[in-house]
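Trainee: One file is attached below, final.txt, containing compact mmCIF, C-alpha atoms and all ligand atoms.
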```
# COMPACT_ATOMS: atom_id res chain seq x y z
CA MET A 107 0.00 0.00 0.00
CA ALA A 108 1.52 3.34 -0.95
CA ALA A 109 0.71 6.80 0.38
CA ASP A 110 3.36 8.76 -1.35
CA GLY A 111 2.84 12.47 -0.98
CA ALA A 112 0.80 15.30 0.46
CA GLU A 113 -1.85 17.60 -0.89
CA GLY A 114 -2.08 21.36 -0.32
CA ASN A 115 -3.19 23.24 2.78
CA ASP A 116 -6.73 22.43 3.84
CA ASN A 117 -6.68 24.49 7.01
CA GLY A 118 -6.30 21.83 9.60
CA LYS A 119 -8.17 18.72 8.45
CA ASP A 120 -6.40 15.38 8.81
CA ARG A 121 -5.73 14.82 5.12
CA VAL A 122 -4.81 11.62 3.34
CA PRO A 123 -1.50 12.08 1.54
CA GLY A 124 -1.85 12.17 -2.26
CA PRO A 125 0.54 11.01 -4.98
CA GLY A 126 4.06 12.42 -5.39
CA ALA A 127 7.15 12.41 -3.19
CA LEU A 128 7.08 14.30 0.08
CA ASP A 129 9.77 16.77 1.00
CA VAL A 130 10.14 15.61 4.61
CA VAL A 131 8.89 12.77 6.76
CA VAL A 132 9.32 13.42 10.48
CA VAL A 133 9.39 10.28 12.61
CA GLY A 134 8.13 11.14 16.09
CA GLY A 135 5.63 13.71 17.29
CA GLY A 136 7.11 14.81 20.60
CA ALA A 137 8.52 18.27 21.26
CA ALA A 138 11.38 17.90 18.76
CA GLY A 139 9.36 16.42 15.90
CA LEU A 140 6.40 18.78 16.20
CA ALA A 141 8.63 21.87 16.36
CA ALA A 142 10.60 20.73 13.31
CA ALA A 143 7.56 19.73 11.27
CA THR A 144 5.79 23.03 12.00
CA SER A 145 8.81 25.08 10.95
CA LEU A 146 9.12 23.07 7.71
CA ALA A 147 5.40 23.34 6.96
CA ARG A 148 5.59 27.11 7.46
CA PHE A 149 8.28 27.07 4.74
CA ARG A 150 5.71 25.44 2.46
CA HIS A 151 7.38 22.03 2.28
CA ARG A 152 5.24 18.91 1.93
CA VAL A 153 5.55 17.40 5.40
CA VAL A 154 4.16 14.24 6.97
CA LEU A 155 4.74 13.47 10.64
CA VAL A 156 4.37 9.87 11.80
CA ASP A 157 3.91 9.42 15.53
CA ALA A 158 3.53 6.31 17.66
CA GLY A 159 2.09 8.42 20.50
CA GLU A 160 4.44 7.43 23.33
CA PRO A 161 6.32 10.57 24.36
CA ARG A 162 8.88 9.99 27.08
CA ASN A 163 7.32 12.30 29.65
CA ALA A 164 3.79 10.89 29.27
CA PRO A 165 3.64 9.53 32.86
CA ALA A 166 4.36 12.97 34.37
CA ALA A 167 1.49 15.13 35.63
CA GLY A 168 2.94 18.33 34.20
CA VAL A 169 5.77 19.80 32.17
CA HIS A 170 8.15 22.09 34.05
CA ASN A 171 11.02 24.31 32.88
CA TYR A 172 9.15 25.20 29.69
CA LEU A 173 8.57 28.92 29.52
CA SER A 174 4.95 30.06 29.85
CA ARG A 175 3.54 26.49 30.04
CA ASP A 176 4.66 25.52 33.54
CA GLY A 177 2.73 22.51 34.81
CA MET A 178 0.79 21.88 31.60
CA PRO A 179 0.03 18.14 31.16
CA PRO A 180 2.39 16.70 28.50
CA ALA A 181 -0.53 15.44 26.38
CA GLU A 182 -2.07 18.93 26.34
CA LEU A 183 1.18 20.51 25.17
CA LEU A 184 1.52 18.02 22.32
CA ALA A 185 -2.15 18.34 21.34
CA ALA A 186 -1.64 22.10 20.98
CA GLY A 187 1.46 21.43 18.87
CA ARG A 188 -0.45 19.01 16.63
CA ALA A 189 -3.22 21.55 16.08
CA GLU A 190 -0.69 24.22 15.12
CA LEU A 191 1.06 21.82 12.72
CA ARG A 192 -2.17 20.83 11.00
CA GLY A 193 -2.99 24.53 10.64
CA TYR A 194 -0.02 24.83 8.28
CA GLY A 195 -1.22 22.01 6.07
CA ALA A 196 1.00 19.18 7.29
CA HIS A 197 -0.40 15.68 7.65
CA ILE A 198 -0.09 13.62 10.85
CA ILE A 199 -0.23 9.84 10.75
CA ASP A 200 -0.79 7.99 14.02
CA GLY A 201 1.42 5.00 13.38
CA THR A 202 4.83 3.46 13.82
CA VAL A 203 7.74 3.54 11.39
CA ASP A 204 9.30 0.13 10.99
CA ALA A 205 12.12 0.93 8.57
CA VAL A 206 13.67 3.70 6.51
CA ARG A 207 15.36 2.56 3.29
CA ALA A 208 17.38 4.52 0.74
CA LEU A 209 16.15 4.66 -2.85
CA PRO A 210 18.57 5.05 -5.74
CA SER A 211 18.24 8.59 -7.04
CA VAL A 212 20.07 10.80 -9.51
CA ALA A 213 18.70 14.01 -7.98
CA GLY A 214 19.52 13.96 -4.28
CA PRO A 215 18.61 11.61 -1.47
CA ARG A 216 15.32 9.73 -1.59
CA PHE A 217 13.87 7.38 0.97
CA VAL A 218 10.97 5.00 1.44
CA ILE A 219 9.43 4.97 4.90
CA GLU A 220 7.77 1.68 5.83
CA LEU A 221 5.10 1.74 8.52
CA THR A 222 4.24 -1.31 10.61
CA ASP A 223 0.68 -1.27 9.19
CA GLY A 224 2.02 -1.74 5.65
CA ARG A 225 1.75 1.87 4.47
CA GLU A 226 4.73 3.43 2.69
CA LEU A 227 5.81 7.04 2.22
CA ARG A 228 8.38 8.37 -0.24
CA THR A 229 10.35 11.42 0.78
CA ARG A 230 13.39 13.53 0.00
CA ARG A 231 14.47 14.00 3.63
CA VAL A 232 13.94 12.17 6.91
CA LEU A 233 14.03 13.63 10.40
CA ALA A 234 14.20 11.08 13.22
CA ALA A 235 12.77 12.68 16.37
CA SER A 236 11.83 9.42 17.99
CA GLY A 237 13.19 10.05 21.49
CA LEU A 238 14.58 7.42 23.83
CA VAL A 239 13.53 4.64 26.16
CA ASP A 240 14.27 4.92 29.89
CA VAL A 241 15.47 1.49 30.98
CA LEU A 242 14.87 1.32 34.73
CA PRO A 243 16.85 -0.58 37.37
CA ASP A 244 15.35 -3.94 38.26
CA VAL A 245 13.55 -3.10 41.52
CA ALA A 246 10.08 -4.58 42.15
CA GLY A 247 7.33 -1.97 41.75
CA LEU A 248 9.60 0.78 40.40
CA ALA A 249 8.33 0.87 36.81
CA GLY A 250 4.69 1.13 37.86
CA ARG A 251 5.29 4.47 39.57
CA TRP A 252 7.73 5.95 37.01
CA GLY A 253 7.02 9.65 36.51
CA ARG A 254 4.83 9.85 39.62
CA ASP A 255 7.06 9.48 42.67
CA ILE A 256 9.92 7.66 40.94
CA LEU A 257 11.67 10.67 39.43
CA HIS A 258 14.34 11.03 36.78
CA CYS A 259 15.39 14.67 37.13
CA PRO A 260 15.58 17.26 39.93
CA TYR A 261 15.33 20.08 37.37
CA CYS A 262 12.00 18.78 36.04
CA HIS A 263 10.33 17.62 39.25
CA GLY A 264 12.54 18.60 42.21
CA TRP A 265 10.51 21.63 43.27
CA GLU A 266 7.37 19.49 43.54
CA VAL A 267 8.95 17.31 46.26
CA ARG A 268 10.96 20.00 48.05
CA ASP A 269 11.52 19.41 51.78
CA GLN A 270 10.34 15.79 51.51
CA ARG A 271 12.34 12.61 52.08
CA ILE A 272 14.16 11.61 48.88
CA ALA A 273 16.04 8.36 48.29
CA VAL A 274 18.63 8.49 45.54
CA LEU A 275 19.28 5.08 44.00
CA ALA A 276 23.00 4.94 43.26
CA THR A 277 23.31 2.75 40.17
CA SER A 278 26.64 4.37 39.29
CA GLY A 279 29.10 6.85 40.75
CA LEU A 280 27.22 9.66 38.95
CA ALA A 281 24.39 9.29 41.49
CA ILE A 282 26.58 10.99 44.09
CA HIS A 283 26.56 14.14 41.95
CA THR A 284 22.76 13.79 41.69
CA ALA A 285 22.44 13.48 45.48
CA PHE A 286 23.99 16.94 45.89
CA LEU A 287 21.44 18.37 43.42
CA TRP A 288 18.57 16.90 45.46
CA ARG A 289 20.17 18.19 48.68
CA GLN A 290 19.64 21.72 47.34
CA LEU A 291 15.89 21.00 47.39
CA THR A 292 15.50 19.12 50.66
CA PRO A 293 17.59 18.40 53.78
CA HIS A 294 16.29 14.77 53.80
CA VAL A 295 18.37 12.90 51.22
CA THR A 296 19.44 9.26 51.51
CA LEU A 297 21.82 7.66 49.04
CA ILE A 298 21.23 3.92 48.59
CA LEU A 299 24.26 2.09 47.21
CA GLN A 300 22.64 -0.07 44.54
CA GLN A 301 25.84 -1.26 42.86
CA ALA A 302 29.36 -1.84 44.08
CA ASP A 303 30.83 0.73 41.69
CA ALA A 304 28.66 3.44 43.26
CA GLU A 305 30.73 3.38 46.50
CA PRO A 306 31.84 6.97 47.31
CA THR A 307 35.52 7.87 47.47
CA ASP A 308 36.97 9.17 50.77
CA GLN A 309 36.62 12.73 49.50
CA GLN A 310 33.01 12.12 48.48
CA TRP A 311 32.20 10.60 51.91
CA GLU A 312 33.48 13.77 53.53
CA ARG A 313 31.35 15.98 51.27
CA LEU A 314 28.23 13.82 51.69
CA LEU A 315 28.52 13.87 55.48
CA ALA A 316 29.16 17.62 55.49
CA ARG A 317 25.85 18.17 53.66
CA GLY A 318 23.96 15.76 55.92
CA ILE A 319 23.30 13.20 53.16
CA SER A 320 22.78 9.72 54.64
CA VAL A 321 24.32 6.75 52.89
CA VAL A 322 22.92 3.22 53.31
CA PRO A 323 24.02 -0.08 51.77
CA GLY A 324 21.72 -1.58 49.16
CA PRO A 325 20.61 -2.94 46.98
CA ALA A 326 17.00 -1.74 47.12
CA GLU A 327 14.75 -4.67 46.22
CA GLU A 328 11.16 -3.43 46.47
CA VAL A 329 9.09 -0.26 46.38
CA VAL A 330 6.82 -0.03 49.43
CA ILE A 331 3.37 1.45 48.71
CA ALA A 332 0.44 2.13 51.04
CA ALA A 333 -2.87 3.75 50.06
CA ASP A 334 -1.42 4.45 46.62
CA ARG A 335 1.43 6.47 48.14
CA LEU A 336 5.12 5.68 48.10
CA ARG A 337 6.30 4.95 51.64
CA GLY A 338 9.84 3.74 51.06
CA LEU A 339 12.28 1.29 49.55
CA ARG A 340 12.95 -2.11 51.10
CA VAL A 341 16.67 -2.92 50.93
CA ALA A 342 18.43 -6.30 50.98
CA ASP A 343 18.76 -6.54 54.79
CA GLY A 344 14.98 -6.17 55.08
CA HIS A 345 14.67 -2.68 56.49
CA VAL A 346 12.70 0.07 54.74
CA VAL A 347 14.28 3.41 53.86
CA ASP A 348 11.45 5.93 54.38
CA CYS A 349 10.93 8.28 51.45
CA ALA A 350 8.22 10.14 49.56
CA ALA A 351 10.09 9.97 46.24
CA VAL A 352 12.96 8.04 44.68
CA ALA A 353 15.47 9.56 42.28
CA VAL A 354 16.56 7.10 39.62
CA SER A 355 19.08 7.38 36.81
CA ALA A 356 17.61 5.28 34.01
CA SER A 357 19.72 3.97 31.16
CA LEU A 358 18.83 6.28 28.24
CA GLN A 359 18.53 4.18 25.07
CA ALA A 360 17.91 5.86 21.70
CA ARG A 361 14.74 4.70 19.88
CA ALA A 362 16.16 4.31 16.40
CA GLY A 363 15.79 0.71 15.22
CA PHE A 364 14.03 1.94 12.05
CA LEU A 365 17.30 3.58 10.91
CA ALA A 366 19.22 0.28 10.95
CA PRO A 367 18.62 -0.44 7.21
CA LEU A 368 20.63 2.76 6.54
CA ASP A 369 23.46 1.44 8.76
CA LEU A 370 22.66 4.21 11.21
CA THR A 371 22.84 2.69 14.68
CA PRO A 372 23.18 4.20 18.16
CA VAL A 373 26.59 4.64 19.78
CA ALA A 374 27.39 4.69 23.50
CA PHE A 375 26.65 7.94 25.31
CA ALA A 376 28.88 8.63 28.33
CA MET A 377 29.33 11.24 31.04
CA GLY A 378 33.00 11.13 31.93
CA ASP A 379 33.91 7.45 32.10
CA THR A 380 30.35 6.28 32.80
CA VAL A 381 28.18 5.06 29.93
CA ILE A 382 24.63 6.24 30.64
CA GLY A 383 22.88 5.35 27.40
CA SER A 384 23.06 5.59 23.63
CA ARG A 385 22.46 8.17 20.91
CA ILE A 386 22.51 8.65 17.16
CA GLU A 387 25.58 10.73 16.36
CA ALA A 388 25.01 13.92 14.42
CA GLU A 389 26.46 17.31 13.61
CA PRO A 390 25.14 20.31 15.59
CA THR A 391 22.66 20.85 12.72
CA GLY A 392 21.20 17.37 13.26
CA ALA A 393 22.76 16.02 10.03
CA THR A 394 23.79 12.38 10.41
CA ALA A 395 26.40 10.40 8.50
CA VAL A 396 23.70 9.48 5.94
CA PRO A 397 23.00 12.39 3.56
CA GLY A 398 19.36 13.42 3.81
CA VAL A 399 18.78 11.90 7.27
CA TYR A 400 18.64 14.20 10.29
CA VAL A 401 17.98 13.72 14.01
CA ALA A 402 16.65 15.99 16.78
CA GLY A 403 15.72 15.71 20.44
CA ASN A 404 16.43 12.87 22.85
CA VAL A 405 17.32 10.39 20.11
CA SER A 406 20.59 12.30 19.66
CA ASP A 407 20.74 14.35 22.88
CA PRO A 408 19.67 12.05 25.74
CA LEU A 409 19.95 14.80 28.35
CA GLY A 410 17.80 17.31 26.44
CA GLN A 411 14.69 18.64 28.15
CA VAL A 412 11.55 19.79 26.33
CA ALA A 413 12.87 23.28 25.57
CA GLY A 414 16.17 21.87 24.27
CA SER A 415 14.32 19.34 22.13
CA VAL A 416 12.17 22.07 20.59
CA SER A 417 15.33 24.02 19.86
CA ALA A 418 17.04 20.98 18.29
CA GLY A 419 13.94 20.41 16.13
CA LEU A 420 14.07 23.97 14.85
CA THR A 421 17.80 23.72 14.13
CA ALA A 422 17.37 20.50 12.14
CA ALA A 423 14.39 22.00 10.29
CA ALA A 424 16.52 24.96 9.21
CA ALA A 425 19.25 22.63 7.92
CA ILE A 426 16.70 20.50 6.03
CA ASN A 427 15.02 23.60 4.60
CA MET A 428 18.31 24.91 3.23
CA SER A 429 19.30 21.55 1.78
CA LEU A 430 15.96 21.26 -0.07
CA ILE A 431 16.24 24.80 -1.41
CA GLU A 432 19.81 24.10 -2.60
CA GLU A 433 18.68 20.89 -4.30
CA ASP A 434 15.75 22.63 -6.01
CA THR A 435 18.02 25.44 -7.17
CA ASP A 436 20.57 22.96 -8.57
CA ALA A 437 17.74 21.27 -10.46
CA ALA A 438 16.49 24.62 -11.80
CA VAL A 439 19.98 25.54 -13.02
CA ALA A 440 20.40 22.15 -14.70
CA ALA A 441 17.00 22.54 -16.40
CA ALA A 442 17.87 26.06 -17.59
CA ARG A 443 21.09 24.76 -19.15
CA LEU A 444 19.36 22.04 -21.17
CA PRO A 445 20.10 22.60 -24.87
CA VAL A 446 17.13 23.91 -26.93
CA PRO A 447 16.86 21.98 -30.26
CA GLY A 448 18.24 24.14 -33.13
CA ALA A 449 19.66 26.84 -30.82
CA ASP A 450 23.34 27.55 -30.14
CA PRO A 451 24.54 25.98 -26.86
CA GLN A 452 24.29 28.52 -23.97
CA PRO A 453 27.48 29.04 -21.95
CA ALA A 454 26.85 28.94 -18.19
CA GLY A 455 27.55 32.69 -17.72
CA SER A 456 24.92 33.75 -20.28
CA LEU A 457 22.11 32.74 -17.87
CA ARG A 458 22.91 35.83 -15.80
CA ARG A 459 21.69 38.13 -18.58
CA ARG A 460 18.22 36.60 -18.89
C1 LIG B 1 8.91 11.05 33.54
C2 LIG B 1 9.55 12.18 32.77
C3 LIG B 1 9.17 13.48 33.04
C4 LIG B 1 9.77 14.54 32.33
N1 LIG B 1 9.43 15.81 32.67
C5 LIG B 1 10.01 16.84 32.01
C6 LIG B 1 9.70 18.18 32.37
O1 LIG B 1 8.91 18.44 33.28
N2 LIG B 1 10.30 19.18 31.67
C7 LIG B 1 11.19 18.94 30.67
O2 LIG B 1 11.69 19.89 30.08
N3 LIG B 1 11.51 17.67 30.33
C8 LIG B 1 10.93 16.63 30.96
N4 LIG B 1 11.27 15.34 30.63
C9 LIG B 1 12.14 15.12 29.47
C10 LIG B 1 11.26 15.13 28.21
O3 LIG B 1 10.38 14.03 28.27
C11 LIG B 1 12.11 15.08 26.95
O4 LIG B 1 13.02 16.15 26.94
C12 LIG B 1 11.26 15.19 25.69
O5 LIG B 1 10.18 14.28 25.73
C13 LIG B 1 12.11 14.92 24.45
O6 LIG B 1 11.33 15.16 23.31
P1 LIG B 1 11.53 14.28 21.99
O7 LIG B 1 10.61 14.91 20.99
O8 LIG B 1 12.95 14.14 21.66
O9 LIG B 1 11.03 12.82 22.36
P2 LIG B 1 9.61 12.29 22.88
O10 LIG B 1 8.87 13.35 23.59
O11 LIG B 1 9.86 11.02 23.61
O12 LIG B 1 8.80 12.00 21.54
C14 LIG B 1 9.21 11.00 20.65
C15 LIG B 1 7.97 10.52 19.90
O13 LIG B 1 8.41 9.66 18.83
C16 LIG B 1 7.53 8.55 18.79
N5 LIG B 1 8.22 7.42 18.14
C17 LIG B 1 9.27 6.69 18.59
N6 LIG B 1 9.62 5.74 17.69
C18 LIG B 1 8.74 5.88 16.65
C19 LIG B 1 8.56 5.19 15.44
N7 LIG B 1 9.35 4.15 15.09
N8 LIG B 1 7.57 5.58 14.61
C20 LIG B 1 6.76 6.63 14.93
N9 LIG B 1 6.89 7.32 16.08
C21 LIG B 1 7.87 6.95 16.93
C22 LIG B 1 7.20 8.28 20.24
O14 LIG B 1 6.02 7.47 20.35
C23 LIG B 1 7.02 9.70 20.77
O15 LIG B 1 5.70 10.15 20.60
C24 LIG B 1 10.73 14.28 31.34
C25 LIG B 1 11.12 12.95 31.10
C26 LIG B 1 10.55 11.91 31.81
C27 LIG B 1 11.00 10.50 31.56
```
I need this file expressed as structure tokens, please.

Mentor:
Amino acid sequence: MAADGAEGNDNGKDRVPGPGALDVVVVGGGAAGLAAATSLARFRHRVVLVDAGEPRNAPAAGVHNYLSRDGMPPAELLAAGRAELRGYGAHIIDGTVDAVRALPSVAGPRFVIELTDGRELRTRRVLAASGLVDVLPDVAGLAGRWGRDILHCPYCHGWEVRDQRIAVLATSGLAIHTAFLWRQLTPHVTLILQQADAEPTDQQWERLLARGISVVPGPAEEVVIAADRLRGLRVADGHVVDCAAVAVSASLQARAGFLAPLDLTPVAFAMGDTVIGSRIEAEPTGATAVPGVYVAGNVSDPLGQVAGSVSAGLTAAAAINMSLIEEDTDAAVAAARLPVPGADPQPAGSLRRR
């Protein structure tokens, strides 16, 4: 089944793409993808955005650190973004991209986008804005409360639990740095040593004690809940560390399996010597090693928040816009140079005088 292109602006209706190649297919309708697609649609490119509808921050009650929308539910923010995008004539497909494959082309990069439901799209450029998966430590009950009282980031949700008891699960040495961030928000911070390599150095012990951060041996084995509220974490020796929230550093794994047919696969992403996830490598513009394929948001910047992901989407959109304009201009020049039957051949410079 082929759905190869897009029709003109119909002022916001969910249109079925018509025949003809698209300019850009955006894979992923989170902050990065929606921002990029809207910018490209405003530049009058034929844009289709395909979205599987699982943004990373979906479990959170509200978005913080996003200017003028503080506390807005994530779904509401994205719904507003979708409405704006449709207003510029772009088409949104609720679906999942299975694979992106390169098509042989004499005039610039061309791709076929295969959806899991069998649909196909043909496009000149691809933007992967598919985010990442948070792989959580194996502690019973943790995943079920992710985004509620199991928290990933003090910048995003620290204020909301200020002055409460926070347990920081130390799955690597980086958690010690995180514990100091949480200590800025509450005097009640306990570091639970989940893995042997999270043991503080002598200097770190001194600093932790000086800030009143408790350290207990782990590993934590179970989340303790009562009346739908987090009460604590049960550790291996059986006792419960009381807490109202747990700070967890998930492993941040790029969602990019659909790029594998292009030989574009995630590489390790590290802070210092500690690998904390994976990402698709790209230039600051979002351009990847495959001409015509760009990335934006958490798929290439695992630490990016919503504002940074919007910004990355806009940056990639600008790079894609310019590359399409360059390609169209090259094609126009080539067409203008085509010999007219019976006429003298035109030297390149003569075009200037037309
Ligand atoms: C619990 C939690 C709370 C957070 N709270 C905040 C906060 O308050 N403030 C803040 O600034 N940041 C917050 N973040 C970070 C924020 O979620 C990310 O910065 C942001 O979601 C990144 O946007 P993105 O567009 O790159 O990816 P996402 O928002 O994850 O969007 C990616 C989209 O691509 C889709 N997709 C993936 N693969 C495919 C495919 N093959 N085909 C089609 N679609 C696909 C997904 O379904 C998803 O809809 C939070 C993160 C978490 C985990």

Trainee: Can you measure CA of Val352 in chain A to CA of Leu275 in chain A for me? One decimal in Å is fine.

Mentor: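 Value for the CA of Val352 in chain A-CA of Leu275 in chain A distance: 7.0 Å.
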
Trainee: If you take all atoms listed in the file and a cut-off of 7 Å, which residues of chain A touch ligand LIG 1 (chain B), and what are their nearest atom pairs and distances in Å to one decimal, in chain and number order, as a tab-separated table?

Mentor:
```
residue	atom	partner	partner_atom	distance
A:Val133	CA	B:LIG1	C20	5.1
A:Gly134	CA	B:LIG1	O13	3.1
A:Gly135	CA	B:LIG1	C15	4.7
A:Gly136	CA	B:LIG1	O12	3.4
A:Ala137	CA	B:LIG1	O7	4.0
A:Ala138	CA	B:LIG1	O7	3.8
A:Gly139	CA	B:LIG1	O7	5.5
A:Val156	CA	B:LIG1	C20	5.1
A:Asp157	CA	B:LIG1	N9	3.7
A:Ala158	CA	B:LIG1	O14	3.8
A:Gly159	CA	B:LIG1	O15	4.0
A:Glu160	CA	B:LIG1	O14	3.4
A:Pro161	CA	B:LIG1	O11	3.6
A:Arg162	CA	B:LIG1	O11	3.7
A:Asn163	CA	B:LIG1	O3	3.8
A:Ala164	CA	B:LIG1	C1	6.7
A:Pro165	CA	B:LIG1	C1	5.5
A:Ala166	CA	B:LIG1	C1	5.0
A:Gly168	CA	B:LIG1	O1	6.0
A:Val169	CA	B:LIG1	O1	3.6
A:His170	CA	B:LIG1	O1	3.8
A:Asn171	CA	B:LIG1	O2	5.3
A:Tyr172	CA	B:LIG1	O2	5.9
A:Gly201	CA	B:LIG1	C20	5.8
A:Thr202	CA	B:LIG1	N8	3.6
A:Val203	CA	B:LIG1	N8	3.8
A:Asp204	CA	B:LIG1	N7	5.7
A:Ala235	CA	B:LIG1	O8	5.5
A:Ser236	CA	B:LIG1	O13	3.5
A:Gly237	CA	B:LIG1	O9	3.6
A:Leu238	CA	B:LIG1	O11	5.9
A:Asp240	CA	B:LIG1	C27	6.7
A:Trp252	CA	B:LIG1	C1	6.3
A:Gly253	CA	B:LIG1	C1	3.8
A:Leu257	CA	B:LIG1	C1	6.5
A:His258	CA	B:LIG1	C27	6.2
A:Cys262	CA	B:LIG1	O1	4.2
A:His263	CA	B:LIG1	O1	6.2
A:Arg361	CA	B:LIG1	N6	5.7
A:Ala362	CA	B:LIG1	N6	6.8
A:Phe364	CA	B:LIG1	N7	6.0
A:Ala402	CA	B:LIG1	O8	6.4
A:Gly403	CA	B:LIG1	O8	3.4
A:Asn404	CA	B:LIG1	O8	3.9
A:Val405	CA	B:LIG1	O8	6.0
A:Gly410	CA	B:LIG1	O4	4.9
A:Gln411	CA	B:LIG1	O4	3.2
A:Val412	CA	B:LIG1	O2	3.8
A:Ala413	CA	B:LIG1	O2	5.8
A:Ser415	CA	B:LIG1	O6	5.3
```

Trainee: Include C-alpha atoms and write out the residues we just selected as a PDB file, in the frame of the given file.

Mentor:
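The result, written out as again_17.pdb:
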```pdb
ATOM      1  CA  VAL A 133       9.390  10.280  12.610  1.00  0.00           C
ATOM      2  CA  GLY A 134       8.130  11.140  16.090  1.00  0.00           C
ATOM      3  CA  GLY A 135       5.630  13.710  17.290  1.00  0.00           C
ATOM      4  CA  GLY A 136       7.110  14.810  20.600  1.00  0.00           C
ATOM      5  CA  ALA A 137       8.520  18.270  21.260  1.00  0.00           C
ATOM      6  CA  ALA A 138      11.380  17.900  18.760  1.00  0.00           C
ATOM      7  CA  GLY A 139       9.360  16.420  15.900  1.00  0.00           C
ATOM      8  CA  VAL A 156       4.370   9.870  11.800  1.00  0.00           C
ATOM      9  CA  ASP A 157       3.910   9.420  15.530  1.00  0.00           C
ATOM     10  CA  ALA A 158       3.530   6.310  17.660  1.00  0.00           C
ATOM     11  CA  GLY A 159       2.090   8.420  20.500  1.00  0.00           C
ATOM     12  CA  GLU A 160       4.440   7.430  23.330  1.00  0.00           C
ATOM     13  CA  PRO A 161       6.320  10.570  24.360  1.00  0.00           C
ATOM     14  CA  ARG A 162       8.880   9.990  27.080  1.00  0.00           C
ATOM     15  CA  ASN A 163       7.320  12.300  29.650  1.00  0.00           C
ATOM     16  CA  ALA A 164       3.790  10.890  29.270  1.00  0.00           C
ATOM     17  CA  PRO A 165       3.640   9.530  32.860  1.00  0.00           C
ATOM     18  CA  ALA A 166       4.360  12.970  34.370  1.00  0.00           C
ATOM     19  CA  GLY A 168       2.940  18.330  34.200  1.00  0.00           C
ATOM     20  CA  VAL A 169       5.770  19.800  32.170  1.00  0.00           C
ATOM     21  CA  HIS A 170       8.150  22.090  34.050  1.00  0.00           C
ATOM     22  CA  ASN A 171      11.020  24.310  32.880  1.00  0.00           C
ATOM     23  CA  TYR A 172       9.150  25.200  29.690  1.00  0.00           C
ATOM     24  CA  GLY A 201       1.420   5.000  13.380  1.00  0.00           C
ATOM     25  CA  THR A 202       4.830   3.460  13.820  1.00  0.00           C
ATOM     26  CA  VAL A 203       7.740   3.540  11.390  1.00  0.00           C
ATOM     27  CA  ASP A 204       9.300   0.130  10.990  1.00  0.00           C
ATOM     28  CA  ALA A 235      12.770  12.680  16.370  1.00  0.00           C
ATOM     29  CA  SER A 236      11.830   9.420  17.990  1.00  0.00           C
ATOM     30  CA  GLY A 237      13.190  10.050  21.490  1.00  0.00           C
ATOM     31  CA  LEU A 238      14.580   7.420  23.830  1.00  0.00           C
ATOM     32  CA  ASP A 240      14.270   4.920  29.890  1.00  0.00           C
ATOM     33  CA  TRP A 252       7.730   5.950  37.010  1.00  0.00           C
ATOM     34  CA  GLY A 253       7.020   9.650  36.510  1.00  0.00           C
ATOM     35  CA  LEU A 257      11.670  10.670  39.430  1.00  0.00           C
ATOM     36  CA  HIS A 258      14.340  11.030  36.780  1.00  0.00           C
ATOM     37  CA  CYS A 262      12.000  18.780  36.040  1.00  0.00           C
ATOM     38  CA  HIS A 263      10.330  17.620  39.250  1.00  0.00           C
ATOM     39  CA  ARG A 361      14.740   4.700  19.880  1.00  0.00           C
ATOM     40  CA  ALA A 362      16.160   4.310  16.400  1.00  0.00           C
ATOM     41  CA  PHE A 364      14.030   1.940  12.050  1.00  0.00           C
ATOM     42  CA  ALA A 402      16.650  15.990  16.780  1.00  0.00           C
ATOM     43  CA  GLY A 403      15.720  15.710  20.440  1.00  0.00           C
ATOM     44  CA  ASN A 404      16.430  12.870  22.850  1.00  0.00           C
ATOM     45  CA  VAL A 405      17.320  10.390  20.110  1.00  0.00           C
ATOM     46  CA  GLY A 410      17.800  17.310  26.440  1.00  0.00           C
ATOM     47  CA  GLN A 411      14.690  18.640  28.150  1.00  0.00           C
ATOM     48  CA  VAL A 412      11.550  19.790  26.330  1.00  0.00           C
ATOM     49  CA  ALA A 413      12.870  23.280  25.570  1.00  0.00           C
ATOM     50  CA  SER A 415      14.320  19.340  22.130  1.00  0.00           C
TER      51      SER A 415
END
```

Trainee: Rounded to one decimal place, report the CA of Val241 in chain A-CA of Gly324 in chain A distance in Å.

Mentor: 19.5 Å

Trainee: What lies within 10 Å of Thr380 in chain A using only C-alpha atoms, ignoring chain neighbours under 5 positions off, as a list of chain:residue names?

Mentor: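 Surrounding residues, per the criterion: A:Ser278, A:Gly279, A:Leu280, A:Ala374, A:Phe375.
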
Trainee: Record the distance separating CA of Leu287 in chain A and CA of Gln301 in chain A, expressed in Å with one decimal.

Mentor: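 Separation between CA of Leu287 in chain A and CA of Gln301 in chain A: 20.1 Å.
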
Trainee: Neighbouring residues of Arg148 in chain A were defined as those with any atom within 12 Å, considering all atoms listed in the file; residues of the same chain fewer than 6 positions away were excluded. Please report them as a PyMOL selection string.

Mentor: chain A and resi 115+141-142+190-196+420+423-424+427

Trainee: Select, from A:Leu314, A:Val322, A:Val212, A:Val329, the residue with the minimum atom-to-atom distance to Gly247 in chain A, counting all atoms listed in the file.

Mentor: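 Answer, going by the shortest atom-to-atom distance: A:Val329.
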
Trainee: Mind working out the centre and edge lengths of an axis-aligned box for range 288-292 of chain A, all listed atoms inside, 8 Å added to each side, rounded to one decimal in Å and written as JSON?

Mentor:
```
{"center_x": 17.8, "center_y": 19.3, "center_z": 48.1, "size_x": 20.7, "size_y": 20.8, "size_z": 21.2}
```

Trainee: Between A:Ala342, A:Gln310, A:Gly250, A:Thr229, single out the one closest to Val131 in chain A, counting all atoms listed in the file.

Mentor: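 The shortest atom-to-atom distance to Val131 in chain A comes from A:Thr229.
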